Structure formats: structure tokens, C-alpha cells
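Below is one structure, written out as C-alpha cells, with a few remarks after it.
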Amino acid sequence: MKFLGKVLLTLLLLLLLLAVAVYVLLQTQWGAGWIGRQVSANSDYQLSLSKMEHNFSHPSHLLLNNVSFGRKGLPATLVAKRVTLGVGLIQFSSPLHFSSIRLEQGTLNLSDKSAPLSLQADRLQLSQMALNRNQGEWPLQAQRVDGGVMPWKPEAGNVLGKQASFQMSAGSLTLKGIPVSDILVQGSLKGGQLVLSNLGADLALGSVTASAQRDAQGAWQVPTLRLNSIRLQTDKTLGEFLQPLGELPVVHFDRVDVTDARLEGLDWAVTDLDLTLKDLTLREGDWQSDNGSLSMNANSFVNGSMQLNDPIANMDFSAQGVALTQFSSRWVNGLVRAEGNWTRSDKKLTLDELAIAGLEYTLPLNWRDRWMQTLPGWLDSVEVTRFSANRNLIIDINPAFPFQMTALDGTGSNLLMAQNHQWGIWSGNLSFNAAEATFNRVDLRHPSLTLNAGDSAIAVTEMSAFSHEGMLEGLATVSQQPQRALSLSLTGRQVPVNLLHDWGWPQVPLQGNGNLQLKIQGALAAEAALKPSVNGTLSVTAGDRTVQQIMQAGQVAGAQ
């Protein structure tokens, strides 16, 4: 009996000695290499580490140094200077489920498409880590990441799992090409729902704060989004810059506030922008709202050759469309003011009032081409109920036919300025007058014009101007059909006999002042020259001499 006791005691001592030896050996470089080889040989993972440590002052923690871990045949998922594993009794039933995992000073490469890691933890902690995800819809790179996830149970397509709370901070992050710094995000995952209860970051020399949540179908709800003192520069055009808004998943904004923003892109810029947006949903490149609003103002807005100073815009959104309650801006040393509404059903913009005053505007060289361009799909027609213009200077520097009108005033009512996505004067009444005007080097005083537009034609019912010691008066009609048939009659009394020469009519063999009578027909069809279509007669009387000329297809026989 004593012998048997001595044998058992000896065996226990040997087992204890063996356990101590294994314990010591596993904490050597050889032991770390052996652990890595065993995991790599008997699983789908590749593991390497330089050393494993254990301290009886923290008996439930294993420390792994210089760890590289990932699936075989793929880049390492984890590279870290130190990994701390919290172990416990659960390891007997679930060897890969730890009470805690702490990753320090390394890189974690994420992929939604790869198979999920078999590791799980009640708590995952990151300390000074880098995160990379180069695939998927939202690629990101983050540096100096600290934070935690509770619990951490990764699944295929969801690295955080389906049920977790998280808090993360990062020194810098690039999300889909957008760099931000000093990020803090807090939130949770519940089934397919993602809740971001608090998000803050420094962006483009300013700051952004937000809260948001995404449902299981991928739709987003954004209760608050605030951008403050943003200073953003981009190499994109304005259209390219705004294009991602049309590519977003369904997102509803309860409130968006932008304060003191300065944005600059390719051929556009906005300075000191303040904006408040309420209750708006973006869906499949369109928007929806039942009771939303937008208020914004800026110091300046530049888009190409157009520059607006001190623009202010206020509008209300509804299911029926947009109510423009206020728009005003200084433009080319003058003022523009408008109010009206856009209706979704017929895509019509109705301006109840449009007023321009004090403009000093030089028309772009391609203004005629712009006039012929088709309007975008969301804008079928434009109607101005009340129009007024006061003390404007309008200049066209086109060398083919330059003109200038000084102190230009005008009024209009019920003007249909566009229909079927095409600019024009389709209906309504309009009248203009100016103090002075020059049309292709011909000076006129007090020119005036009144027209009425209808479905079939535009009728110029009054047209007059003073020239030198005489006066010009005329009438005209322009068809609304595509050929744009033109009929014009012009009478001049005591005007220069060759007044019409600079307007395209050949010189007449007379001198001084006289009376003239012009009657022509032509066509103002798009993309076709006017002169070849002109037929008409000119009668000029100076003293006791009268000259009559006939134009056919833009030519006068025998004219010089």
C-alpha cells in the first residue's frame, strides 16, 4: 500500500513537472512556433507568432506577440504586435470563444465577401489599430483606431455580427475616397438594423456630427446631420459633385444643417453657405416630402460665367411639388427676385413674380445655342405670371450682329417661356422700352416693342424708335410652327436712307435722309440662316428721287 502511494505521488510529481515544462516551453520562441505550426497544419487558418506569455497576476489572460493570422491562401486578416486573449471555462465547450480579445498596434483587413472567422468574443477591443476594407460599396482605410465591440460574433458579410454594441474612434479615416480625422462613432446592431447613435469627425477643416439608423432593407433614417465650417476643394464639376446624391440608397433626412461652408470645384464655387433642410427623402434619384423645407443663403455662388452674390432661397416641399417662397440675389451689379412653385404632376415651373433691376449683363457668345437646347426632364414648361425689368443694360458682343440696350425697362404677364422642354415665347404679353440702343452700329433712341404671343404666332403690335432726326415704326409676326415664318413691315420717316445697310440690306444709290418702306418675309427656323429665306421689297424716297428694290432669296438684283 505504501509502495502504491509512492508510485502515485511520483506520477503526480512527474505530471506536474511535465505540465510546468510544457508551460515554460510554450512561452518560448520554440513553443510559439510549435503552436503556429499546429494551428496551420490542423485548420483552415495560417498562424504565426513570436512568443506567448502568461502571468499568474492575470491568470485568465494569454498574451501573444507579433501575431499574423488569416485564412490559408489569402492575405493575413490580422497582423498585430500584441493580442490578448481572455480565457475561461467556456474554452472547454467552445475553444474559439473567448471572454475577451484585445488587438494592439497592428492591422485588421476586413472583407464582406470572405468566409467568417470562427473566432468569437464577449468583448473585442482595438488599441492603435489600422482597419482596411478595399472591397465593397464603401471601401475604407482607418488609422489609430481604438474601441470595442460587445459581443463580437462575426458572420459572412457582416464582420461585426448581427447583435452587438460598438464604440470606435480613429485618428484618420478615408471612406469611399473622402478623408476625415478624429472620428468617434457609437452605435449598435440589432438583427439587420444598424443604429449610429453618435457620429462625429473633423472633415475638410470643419466638423460633422450626425445620428442615423439603417433598417434591414437598407433604408436610412438620419435624424440629424450637421456640417460646420467645411472647406472643401474638388476637381469635379458641380454635376459630378452632386451625382452621388442620386446614387444613395433610400435615405430620409429629418434635419440637415450646414453652417459657414466654403466649397470649390471645377468651374464652380460657393462661399459662406448656410443651409437648413428638413423632412426630405431621397429615393432612386428622386425626392419625396410631405412637409419639408429648405432655407439657404450664401455670400456668393459661381457656376461657370454666372456669379450670384448674396443669394437667398427659401422653399417648401410637398407631395405636389415645391413652393418657392423667396429667391433673391445680386447679379451682375443688379438684383433678381422671384417667387412661385414647381408642380410634380406636369413638371411646370410657375413664377408668380420675376423682377430684374439694374443688371449690367453681357450675353454669352453662345446664348442662341443655349436658347435652343432642350430643357432637362424634370422641367417641361416655365410660365411667368408677372414680369418686370427696370434700368438694365444688356450687351451682345457677337461680331456678326452686336447690340446694346441701355436703361432697359419691361413688363410682361402670363408669359409661357418654355413648353415641351423647349425655350420660346409661347403665349403671353410682353413690352420693352429703352433709353438708347445700338444694333450693329446703328444708334437708336427710345426703342420700344410690344408683343402678344399665342398658339399660332407671336404678333409684334408695336415697334418704334427714333433715329437721327426721324422715326422708325413697324409691325411683325412670327409663326409658332417649326419653320418660324416671319413677316415684317417697317416704315421710316426722315431717317438715313441707308439705315438698313448695317442690318443686311444692300446700299441704295441715295444720300441724306428720307422716307423708307420695307416689307419682307422670311424664316427663323432653327439651325438655318435667315438671309437665304428672305424675300421682300424696299422703297426709299429722298427729295424727288425714289428707289425701289426687290429681294429674292436674300439677294437684290444689281445691288452693290
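Convention: chains lettered A, B, ... in C-alpha cells order; per-chain residue numbering from 1; ligands numbered from 1 as shown.
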
As JSON, numbers by chain, please: all residues of segment 318-429 of chain A that backbone DSSP puts in helix (DSSP H, G or I).
{"A": [367, 368, 369, 370, 371, 372]}

Same residues, C-alpha atoms, saved as a compact mmCIF listing (two decimals), in the first residue's frame:
```txt
# COMPACT_ATOMS: atom_id res chain seq x y z
CA TRP A 367 -26.66 82.36 -75.92
CA ARG A 368 -28.56 81.46 -79.08
CA ASP A 369 -27.36 77.83 -78.79
CA ARG A 370 -28.41 77.76 -75.15
CA TRP A 371 -31.83 79.09 -76.14
CA MET A 372 -32.24 76.13 -78.50
```

Can you tell me, as a PDB file with C-alpha atoms, in the first residue's frame, what residues are no more than 10 Å from Leu238 of chain A when counting only C-alpha atoms, ignoring any on the same chain fewer than 3 positions away?
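Resulting contents of part10.pdb:
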```
ATOM      1  CA  THR A 234     -12.615  69.045 -55.502  1.00  0.00           C
ATOM      2  CA  ASP A 235     -11.643  68.554 -59.133  1.00  0.00           C
ATOM      3  CA  PHE A 241     -20.102  66.580 -57.268  1.00  0.00           C
ATOM      4  CA  LEU A 242     -23.865  66.215 -56.736  1.00  0.00           C
ATOM      5  CA  GLN A 243     -24.197  62.951 -58.682  1.00  0.00           C
ATOM      6  CA  GLU A 264     -14.906  74.882 -54.636  1.00  0.00           C
ATOM      7  CA  GLY A 265     -14.830  72.620 -57.665  1.00  0.00           C
ATOM      8  CA  LEU A 266     -14.116  72.663 -61.374  1.00  0.00           C
ATOM      9  CA  ASP A 267     -15.602  75.941 -62.654  1.00  0.00           C
ATOM     10  CA  TRP A 268     -17.899  76.432 -59.639  1.00  0.00           C
ATOM     11  CA  ALA A 269     -17.689  77.659 -56.044  1.00  0.00           C
ATOM     12  CA  ASN A 303     -21.138  78.380 -61.775  1.00  0.00           C
ATOM     13  CA  GLY A 304     -19.217  78.919 -64.981  1.00  0.00           C
TER      14      GLY A 304
END
```

I'd like to know which of A:Ser111, A:Asn65, A:Asn333, A:Ser188 is closest to Ser48 of chain A, using only C-alpha atoms.
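Between A:Ser111, A:Asn65, A:Asn333, A:Ser188, the residue approaching Ser48 of chain A most closely is A:Asn65.
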
Contacts of Asp396 of chain A within 9 Å, only C-alpha atoms, excl. fewer than 4 positions in-chain, as an NGL selection string:
:A and (361-365 or 401-404)

Keeping only N, CA, C and O atoms, take the residues you just selected and write them out as a compact mmCIF listing (two decimals), in the first residue's frame.
```
# COMPACT_ATOMS: atom_id res chain seq x y z
N TYR A 361 -25.44 93.31 -67.99
CA TYR A 361 -25.23 91.92 -68.39
C TYR A 361 -24.78 91.83 -69.84
O TYR A 361 -25.42 92.38 -70.74
N THR A 362 -23.66 91.11 -70.03
CA THR A 362 -23.18 90.79 -71.37
C THR A 362 -23.56 89.36 -71.69
O THR A 362 -23.15 88.42 -70.98
N LEU A 363 -24.35 89.19 -72.73
CA LEU A 363 -24.81 87.85 -73.09
C LEU A 363 -23.62 86.97 -73.49
O LEU A 363 -22.68 87.44 -74.14
N PRO A 364 -23.63 85.69 -73.11
CA PRO A 364 -22.56 84.79 -73.58
C PRO A 364 -22.63 84.63 -75.10
O PRO A 364 -23.70 84.75 -75.71
N LEU A 365 -21.48 84.35 -75.70
CA LEU A 365 -21.44 84.26 -77.16
C LEU A 365 -22.35 83.16 -77.70
O LEU A 365 -22.86 83.27 -78.83
N PHE A 401 -23.50 90.38 -85.28
CA PHE A 401 -24.56 91.36 -85.11
C PHE A 401 -24.58 91.79 -83.64
O PHE A 401 -25.45 91.38 -82.87
N PRO A 402 -23.64 92.64 -83.23
CA PRO A 402 -23.62 93.09 -81.84
C PRO A 402 -24.74 94.08 -81.56
O PRO A 402 -25.20 94.79 -82.46
N PHE A 403 -25.20 94.12 -80.31
CA PHE A 403 -26.19 95.12 -79.94
C PHE A 403 -26.04 95.46 -78.46
O PHE A 403 -25.42 94.74 -77.69
N GLN A 404 -26.66 96.59 -78.11
CA GLN A 404 -26.64 97.05 -76.73
C GLN A 404 -27.91 97.84 -76.47
O GLN A 404 -28.33 98.66 -77.29
```

Out of segment 24-149 of chain A, which residues get strand (DSSP E or B) from DSSP, as an NGL selection string?
:A and (45-48 or 51-54 or 61-71 or 78-86 or 97-98 or 100-109 or 120-121 or 124-133 or 140-149)

Would you mind listing what lies within 8 Å of Gly454 of chain A as a PyMOL selection string, with only C-alpha atoms counted and same-chain residues fewer than 3 positions away left out?
chain A and resi 426-428+457-458

Atom CA of Gly239 of chain A and atom CA of Leu375 of chain A, how far apart in Å?
15.3 Å

Spatial neighbours of segment 167-181 of chain A, 9 Å, only C-alpha atoms, chain gap at least 3 places, as number ranges by chain
A: 126, 128-131, 137-149, 184-188, 201-204

Using only C-alpha atoms, which of A:Val251, A:Leu280, A:Leu451, A:Leu416 sits nearest Asp380 of chain A?
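Checking each candidate against Asp380 of chain A, we get A:Leu416 as the closest.
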